[in-house]
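Down below is the structure, laid out as structure tokens.
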Amino acid sequence: MRIIGTVGLPGSGKGEAASVARELDIPVVTMGDVIREACRARGLDPTDHHGEVAVALRQEEGEAAIAERSLSMIREKLTEHDVVLVDGIRSDTEVERFEEAFGSDFVLIAIDAPFEVRKKRIERRKRDDPNVESLKDRDERELNFGMGEAIADADMTIENTKTIEAYHKQIRKVLEEGEYNDLQR
Ligand SMILES: Nc1ncnc2c1ncn2[C@@H]1O[C@H](COP(=O)(O)OP(=O)(O)OP(=O)(O)O)[C@@H](O)[C@H]1O
């Protein structure tokens, strides 16, 4: 059994890693989905209130709130699959919660790309949604949650600075050839 977490700043490539996992029939639990579900439960539109609800959940239920809420989703996938990808871990507190829940079966992969590269990618995506928070603000918000510490604590770092094909290939190598099995926390 393996629980593979990914951590990385906005636009680094977590979503693309999750797509590759799905292609390989590895189930993905997205922390974003947990937040979107909480938005809907509060009658709020996730498009406008995602960040705010993420902050509120942590204030109301503690720093590990979102990780906590994702655990049952992960355990459910583990009844039928040996490997689960957890997309978008946000803080060192969340990392600790996963370690506590899964011990050495949990490994953490950081995905990294420089600010300018991420900015270009996000701008390309932004055309459909011009109101999104600036990348600098998002970076700041994520880093305030403790993402820097989580990134520093990863068991492996993947640089996503080249083509999308090269990146997919790299992720496939880790997931398909079981490279994650060599990782140790
Ligand atoms: N190597 C790459 N080359 C070109 N485009 C890329 C590359 N990696 C990712 N992208 C694109 O950049 C955008 C951001 O990538 P992705 O959604 O995977 O990042 P993310 O870390 O999940 O970001 P967020 O936290 O904002 O959701 C997407 O539109 C994605 O298709």
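Each chain in the structure tokens gets a letter, A, B, ..., in the order shown, and its residues are numbered from 1; ligands are numbered from 1 in order too.
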
Give me, as JSON lines, the closest atom pair and its distance (Å, one decimal) for every residue of chain A within a cut-off of 7 Å of ligand 1, counting only C-alpha atoms and all ligand atoms, rows sorted by chain and rising number.
```
{"residue": "A:Gly8", "atom": "CA", "partner": "ligand 1", "partner_atom_place_in_ligand_line": "21 (O)", "distance": 6.0}
{"residue": "A:Leu9", "atom": "CA", "partner": "ligand 1", "partner_atom_place_in_ligand_line": "21 (O)", "distance": 6.0}
{"residue": "A:Pro10", "atom": "CA", "partner": "ligand 1", "partner_atom_place_in_ligand_line": "25 (O)", "distance": 3.6}
{"residue": "A:Gly11", "atom": "CA", "partner": "ligand 1", "partner_atom_place_in_ligand_line": "23 (O)", "distance": 3.5}
{"residue": "A:Ser12", "atom": "CA", "partner": "ligand 1", "partner_atom_place_in_ligand_line": "21 (O)", "distance": 4.0}
{"residue": "A:Gly13", "atom": "CA", "partner": "ligand 1", "partner_atom_place_in_ligand_line": "18 (O)", "distance": 3.1}
{"residue": "A:Lys14", "atom": "CA", "partner": "ligand 1", "partner_atom_place_in_ligand_line": "21 (O)", "distance": 3.8}
{"residue": "A:Gly15", "atom": "CA", "partner": "ligand 1", "partner_atom_place_in_ligand_line": "18 (O)", "distance": 3.5}
{"residue": "A:Glu16", "atom": "CA", "partner": "ligand 1", "partner_atom_place_in_ligand_line": "18 (O)", "distance": 3.8}
{"residue": "A:Ala17", "atom": "CA", "partner": "ligand 1", "partner_atom_place_in_ligand_line": "18 (O)", "distance": 6.5}
{"residue": "A:Arg118", "atom": "CA", "partner": "ligand 1", "partner_atom_place_in_ligand_line": "12 (O)", "distance": 6.9}
{"residue": "A:Arg121", "atom": "CA", "partner": "ligand 1", "partner_atom_place_in_ligand_line": "12 (O)", "distance": 4.3}
{"residue": "A:Ile122", "atom": "CA", "partner": "ligand 1", "partner_atom_place_in_ligand_line": "13 (C)", "distance": 5.6}
{"residue": "A:Arg125", "atom": "CA", "partner": "ligand 1", "partner_atom_place_in_ligand_line": "29 (O)", "distance": 5.4}
{"residue": "A:Asn160", "atom": "CA", "partner": "ligand 1", "partner_atom_place_in_ligand_line": "1 (N)", "distance": 5.3}
{"residue": "A:Thr161", "atom": "CA", "partner": "ligand 1", "partner_atom_place_in_ligand_line": "1 (N)", "distance": 5.6}
{"residue": "A:Lys162", "atom": "CA", "partner": "ligand 1", "partner_atom_place_in_ligand_line": "1 (N)", "distance": 5.1}
{"residue": "A:Thr163", "atom": "CA", "partner": "ligand 1", "partner_atom_place_in_ligand_line": "1 (N)", "distance": 4.3}
{"residue": "A:Ile164", "atom": "CA", "partner": "ligand 1", "partner_atom_place_in_ligand_line": "1 (N)", "distance": 3.6}
{"residue": "A:Tyr167", "atom": "CA", "partner": "ligand 1", "partner_atom_place_in_ligand_line": "1 (N)", "distance": 5.5}
```

Backbone-only DSSP, alpha helix (DSSP H) members of region 134-174 of chain A, as a PDB file with C-alpha atoms, in the first residue's frame:
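Below is the file that was written, part_7.pdb:
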```
ATOM      1  CA  LEU A 135      -0.153  34.430  -8.734  1.00  0.00           C
ATOM      2  CA  LYS A 136       1.860  36.422  -6.218  1.00  0.00           C
ATOM      3  CA  ASP A 137      -1.122  36.558  -3.848  1.00  0.00           C
ATOM      4  CA  ARG A 138      -1.799  32.845  -4.303  1.00  0.00           C
ATOM      5  CA  ASP A 139       1.854  31.986  -3.680  1.00  0.00           C
ATOM      6  CA  GLU A 140       1.756  34.096  -0.539  1.00  0.00           C
ATOM      7  CA  ARG A 141      -1.440  32.507   0.719  1.00  0.00           C
ATOM      8  CA  GLU A 142      -0.093  28.987   0.116  1.00  0.00           C
ATOM      9  CA  LEU A 143       3.236  29.802   1.747  1.00  0.00           C
ATOM     10  CA  ASN A 144       1.393  31.235   4.762  1.00  0.00           C
ATOM     11  CA  PHE A 145      -0.235  27.839   5.252  1.00  0.00           C
ATOM     12  CA  MET A 147       3.673  25.009   2.019  1.00  0.00           C
ATOM     13  CA  GLY A 148       7.359  25.968   1.957  1.00  0.00           C
ATOM     14  CA  GLU A 149       8.025  23.615   4.862  1.00  0.00           C
ATOM     15  CA  ALA A 150       6.058  20.825   3.188  1.00  0.00           C
ATOM     16  CA  ILE A 151       8.020  21.272  -0.060  1.00  0.00           C
ATOM     17  CA  ALA A 152      11.299  21.203   1.856  1.00  0.00           C
ATOM     18  CA  ILE A 164       4.351  18.839 -21.020  1.00  0.00           C
ATOM     19  CA  GLU A 165       5.309  15.585 -22.767  1.00  0.00           C
ATOM     20  CA  ALA A 166       8.610  15.421 -20.903  1.00  0.00           C
ATOM     21  CA  TYR A 167       6.811  16.083 -17.641  1.00  0.00           C
ATOM     22  CA  HIS A 168       4.169  13.394 -18.265  1.00  0.00           C
ATOM     23  CA  LYS A 169       6.924  10.952 -19.068  1.00  0.00           C
ATOM     24  CA  GLN A 170       8.698  11.736 -15.831  1.00  0.00           C
ATOM     25  CA  ILE A 171       5.514  11.320 -13.774  1.00  0.00           C
ATOM     26  CA  ARG A 172       4.717   8.079 -15.576  1.00  0.00           C
ATOM     27  CA  LYS A 173       8.180   6.784 -14.739  1.00  0.00           C
ATOM     28  CA  VAL A 174       7.620   7.446 -11.047  1.00  0.00           C
TER      29      VAL A 174
END
```

Subject >> Picked from region 62-181 of chain A by DSSP as strand (DSSP E or B), as JSON, numbers by chain >> reply: {"A": [83, 84, 85, 86, 87, 106, 107, 108, 109, 110, 111, 112, 156, 157, 158, 159]}
